[in-house]
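> Please see the structure below; I have some questions.
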Amino acid sequence: MKYIGKNFFIEGVKVKNLAKKFQTPIYCYSYRRLKENIRSFKKNFKSLNPIICFAVKANANLKLLKEIKKFNLGADVVSIGELTKALKAGIQSKKIVFSGVGKTSEELNFAISKKILLINVESKSEILEIEKIAKRKKKTVNIGIRLNPNTDPKTLSQISTGKKQDKFGVTENIFLELVKYVKNCKFIKLKCISVHIGSQILNHQPYEKMLKVVDRVIKKTNYKFEFIDLGGGMGISYGKKVKNLNYKRYVAAIKKVLKRHKAKIIFEPGRSIIGNTGILVSKVLYIKESAKKNFIILDAAMNDLMRPALYGAEHLIIPESKNNILTKKTYEFVGPICESTDRFLTTKKFQKLNEKDLIIISDVGAYGMSLSSNYNVRLKPAEILIKGFKINLIKKRQKLKDLM
Ligand SMILES: *Cc1c(COP(=O)(O)O)cnc(C)c1O
């Protein structure tokens with residue numbers, strides 16, 4: 001993805017032509033970026049030979065899941081819907097992990113009947129529910145228990161999941177109790193200790209802290225876990241000059257634990273696989289001047305990309321076509337929805353924009369389309385996958401009749 005001359009391209013395709021052909025707003029993904037991300041993820045953790053389960057909640061497009069499957073990734077799912085999609089994409093059930101604090105008995109039944117790799121449980125009640133189902137089906141169910149390691153991931157508080165005030169996982173003491181309980185369960189086999197402390201983590205130190213807790217807890221259980229599931233959370237740069245996560249240090253810390261407790265590592269990356277593969281192309285509908293700033297009213301809104309409204313996340317916005325005329329005005333990029341939080345970015349550095357210009361919102365591959373909604377009865381955008389010069393429509397724009 002880059003400018004060639006004045007215009008922005010995804011691989012061999014001019015974004016302007018995509019907008020003409022498919023209208024706006026549209027999500028566009030680069031296959032090459034996806035491939036590079038998977039390769040580099042594998043390379044970073046090569047010495048651990050881990051099982052890599054793509055976190056489907058980051059992007060659940062079926063065609064993308066099929067591409068991801070071709071690289072032999074498994075899936076981390078959090079609902080029966082995601083599990084069904086992962087299976088439909090051809091991902092083997094032996095490579096699927098089911099996470100989440102509130103799995104219904106319907107979901108557990110389905111997961112058990114599909115013989116997935118692991119159900120990562122998050123409470124005693126969930127274990128009892130699984131035990132009931134397993135007994136009825138006369139099946140042995142493989143589970144992991146998610147530990148809440150009480151570790152601050154040093155990321156946005158809204159996407160922190162491993163502090164004691166967060167709803168996820170169980171405390172150290174309860175973890176130890178549950179291990180004792182499950183050891184005596186006839187129909188449940190405890191295979192895994194799992195953790196996931198949050199998302200968009202760029203500092204290796206929270207991971208090191210988390211691993212210290214994991215190490216201590218495993219030791220206290222005196223139990224031989226077949227798997228250690230370390231979740232995902234690896235951060236990306238979002239167009240800013242940030243220090244990348246130090247994968248070498250992370251790997252070194254993992255190896256220290258493995259020396260004492262031999263196990264197979266599982267990762268559940270979402271954002272680091274898919275985040276920077278996607279852009280959202282939008283058109284400037286109106287420019288509304290006010291004393292201090294200009295509102296750039298886009299045809300994309302918080303229903304298409306919710307991260308800025310939901311977390312205050314910042315996505316870089318760039319012009320589709322460069323004109324090299326800088327403006328002194330402050331621009332506030334907003335959507336048409338009737339909410340004041342329907343804004344994407346405020347910036348003082350932008351070229352002069354005109355109505356009908358196209359702009360590009362960057363790095364929206366993760367938690368972009370998957371968080372989209374029909375709020376204001378707005379149609380969900382189309383999704384396009386670019387492979388070289390090839391344009392694949394991988395999801396059609398919704399039609400009004402779909403919503404009636
Ligand atoms: C969301 C989530 C992930 C993926 O997180 P990323 O930050 O996208 O890598 C992995 N595991 C669990 C349990 C999750 O909830």
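As shown in the structure tokens, the chain order sets the letters A, B, ...; within each chain, residues go from 1, and ligands are also counted from 1 in the order they appear.
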Could you tell me, counting only C-alpha atoms and all ligand atoms, which protein and nucleic acid residues lie no more than 9 Å from ligand 1, written as a ChimeraX atom specification?
/A:53-58,76-78,98-100,120,146,159,161,168,194-201,229-235,267-275,366-367
> If you run DSSP on the backbone, which residues of segment 263-387 of chain A are strand (DSSP E), as a VMD selection string?
chain A and resid 264 to 267 278 to 289 293 to 298 317 to 319 330 to 334 343 to 347 358 to 361 382 to 387
> Contacts of Val179 of chain A at 8 Å or less, counting only C-alpha atoms, minus same-chain residues fewer than 4 places along, as a short mmCIF file (atom, residue, chain, number, x, y, z; two decimals) with all heavy atoms, in the first residue's frame?

data_model
loop_
_atom_site.label_atom_id
_atom_site.label_comp_id
_atom_site.auth_asym_id
_atom_site.auth_seq_id
_atom_site.Cartn_x
_atom_site.Cartn_y
_atom_site.Cartn_z
N PHE A 175 -8.05 -20.54 40.60
CA PHE A 175 -7.40 -21.40 39.60
C PHE A 175 -6.90 -22.69 40.25
O PHE A 175 -7.16 -23.79 39.76
CB PHE A 175 -6.23 -20.65 38.93
CG PHE A 175 -5.64 -21.38 37.74
CD1 PHE A 175 -6.06 -21.09 36.45
CD2 PHE A 175 -4.68 -22.37 37.92
CE1 PHE A 175 -5.53 -21.78 35.36
CE2 PHE A 175 -4.14 -23.05 36.84
CZ PHE A 175 -4.57 -22.75 35.56
N LYS A 183 -9.15 -32.35 38.23
CA LYS A 183 -8.33 -33.57 38.28
C LYS A 183 -9.19 -34.80 38.54
O LYS A 183 -8.89 -35.89 38.07
CB LYS A 183 -7.30 -33.44 39.42
CG LYS A 183 -5.97 -32.85 38.99
CD LYS A 183 -5.00 -33.03 40.16
CE LYS A 183 -3.87 -32.02 40.10
NZ LYS A 183 -3.14 -31.96 41.38
N LEU A 190 -8.14 -31.70 31.83
CA LEU A 190 -7.49 -30.38 31.89
C LEU A 190 -6.18 -30.43 31.10
O LEU A 190 -5.29 -31.21 31.43
CB LEU A 190 -7.22 -30.01 33.35
CG LEU A 190 -6.47 -28.68 33.56
CD1 LEU A 190 -7.25 -27.52 32.97
CD2 LEU A 190 -6.21 -28.45 35.04
N THR A 221 0.43 -25.63 41.17
CA THR A 221 -0.53 -26.70 40.86
C THR A 221 0.16 -28.05 40.85
O THR A 221 -0.50 -29.07 41.03
CB THR A 221 -1.19 -26.52 39.48
OG1 THR A 221 -0.15 -26.54 38.49
CG2 THR A 221 -1.96 -25.24 39.37
#
> Of the candidates A:Thr24, A:Asn203, A:Asn222, A:Asn142, which one gets nearest to Thr155 of chain A if we count only C-alpha atoms?
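Going through A:Thr24, A:Asn203, A:Asn222, A:Asn142 one by one, the smallest distance to Thr155 of chain A is for A:Asn203.
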> From the list A:Leu147, A:Ile51, A:Leu298, A:Leu18, which residue is nearest Ile337 of chain A when using only C-alpha atoms?
A:Leu298
> Running DSSP on the backbone, which parts of segment 191-404 of chain A land in helix (DSSP H, G or I), as a VMD selection string?
chain A and resid 204 to 221 247 to 260 271 to 277 307 to 311 369 to 371 375 to 377 400 to 403
> Sort by chain and increasing residue number a table of all residues of segment 27-47 of chain A within 8 Å of segment 385-401 of chain A, each with its closest pair of atoms and their distance in Å to one decimal, counting only C-alpha atoms, and write it as a tab-separated table.

residue	atom	partner	partner_atom	distance
A:Cys28	CA	A:Leu385	CA	5.8
A:Tyr29	CA	A:Leu385	CA	4.8
A:Ser30	CA	A:Ile386	CA	5.1
A:Tyr31	CA	A:Lys387	CA	5.3
A:Arg32	CA	A:Lys387	CA	6.8
> Interatomic distance between atom CA of Ser40 of chain A and atom CA of Asn59 of chain A?
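So the answer is 18.9 Å.
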> Rounded to one decimal place, report the atom CA of Lys63 of chain A-atom CA of Ala89 of chain A distance in Å.
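Atom CA of Ala89 of chain A lies 7.5 Å from atom CA of Lys63 of chain A.
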> For Asn49 of chain A, which residue out of A:Ile265, A:Val242, A:Ile26, A:Ala300 is the nearest one, using only C-alpha atoms?
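Of A:Ile265, A:Val242, A:Ile26, A:Ala300, the one nearest Asn49 of chain A, counting only C-alpha atoms, is A:Ile265.
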> Can you pull out every residue within 9 Å of Asn44 of chain A, counting only C-alpha atoms, but drop anything in the same chain fewer than 6 positions away, and send it as a PyMOL selection string?
chain A and resi 247-248+251
> Restricting it to C-alpha atoms, dump the selection as an mmCIF file, in the first residue's frame.

data_model
loop_
_atom_site.group_PDB
_atom_site.id
_atom_site.type_symbol
_atom_site.label_atom_id
_atom_site.label_comp_id
_atom_site.auth_asym_id
_atom_site.auth_seq_id
_atom_site.Cartn_x
_atom_site.Cartn_y
_atom_site.Cartn_z
ATOM 1 C CA TYR A 247 9.455 -10.172 20.250
ATOM 2 C CA LYS A 248 12.933 -11.428 21.166
ATOM 3 C CA VAL A 251 10.256 -15.226 23.391
#
> If you count only C-alpha atoms, which residues fall within 10 Å of Val377 of chain A, apart from same-chain ones fewer than 3 positions away, as a ChimeraX atom specification?
/A:303,373-374,380,400,403-404
> Dump C-alpha atoms for the selected residues as a PDB file, in the first residue's frame?

ATOM      1  CA  ASN A 303     -21.279   2.292  12.476  1.00  0.00           C
ATOM      2  CA  SER A 373     -23.357  -2.193  12.967  1.00  0.00           C
ATOM      3  CA  ASN A 374     -26.536  -0.999  11.331  1.00  0.00           C
ATOM      4  CA  LYS A 380     -22.698  -2.190   6.217  1.00  0.00           C
ATOM      5  CA  LEU A 400     -31.862  -1.852   2.279  1.00  0.00           C
ATOM      6  CA  LEU A 403     -32.708  -4.763   6.819  1.00  0.00           C
ATOM      7  CA  MET A 404     -36.452  -4.673   6.302  1.00  0.00           C
TER       8      MET A 404
END
> Given the choices A:Asn150, A:Ser321, A:Lys259, A:Gly162, which gets closest to Phe9 of chain A if the distance is worked out from only C-alpha atoms?
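Of A:Asn150, A:Ser321, A:Lys259, A:Gly162, the one nearest Phe9 of chain A is A:Ser321, counting only C-alpha atoms.
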> I'd like the neighbourhood of Leu326 of chain A as a ChimeraX atom specification, where a residue qualifies if any of its atoms comes within 8 Å (using only C-alpha atoms), though same-chain residues fewer than 2 positions away should be ignored.
/A:324,328,349-352
> Compare A:Leu285, A:Met302, A:Ile228, A:Leu202 by their minimum atom-to-atom distance to Cys338 of chain A, counting only C-alpha atoms, and give me the closest one.
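Ranking A:Leu285, A:Met302, A:Ile228, A:Leu202 by distance to Cys338 of chain A, first place goes to A:Met302.
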> So, counting only C-alpha atoms, which residue among A:Lys95, A:Arg249, A:Lys240, A:Lys224 is closest to Glu208 of chain A?
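Closest candidate: A:Arg249.
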> Leaving out Arg343 of chain A and any residue of its chain fewer than 5 positions from it, which residues lie within 12 Å of it when counting only C-alpha atoms, given as a PyMOL selection string?
chain A and resi 295-315+331-338
> One decimal, in Å: what's the spacing between atom CA of Leu117 of chain A and atom CA of Arg39 of chain A?
23.3 Å
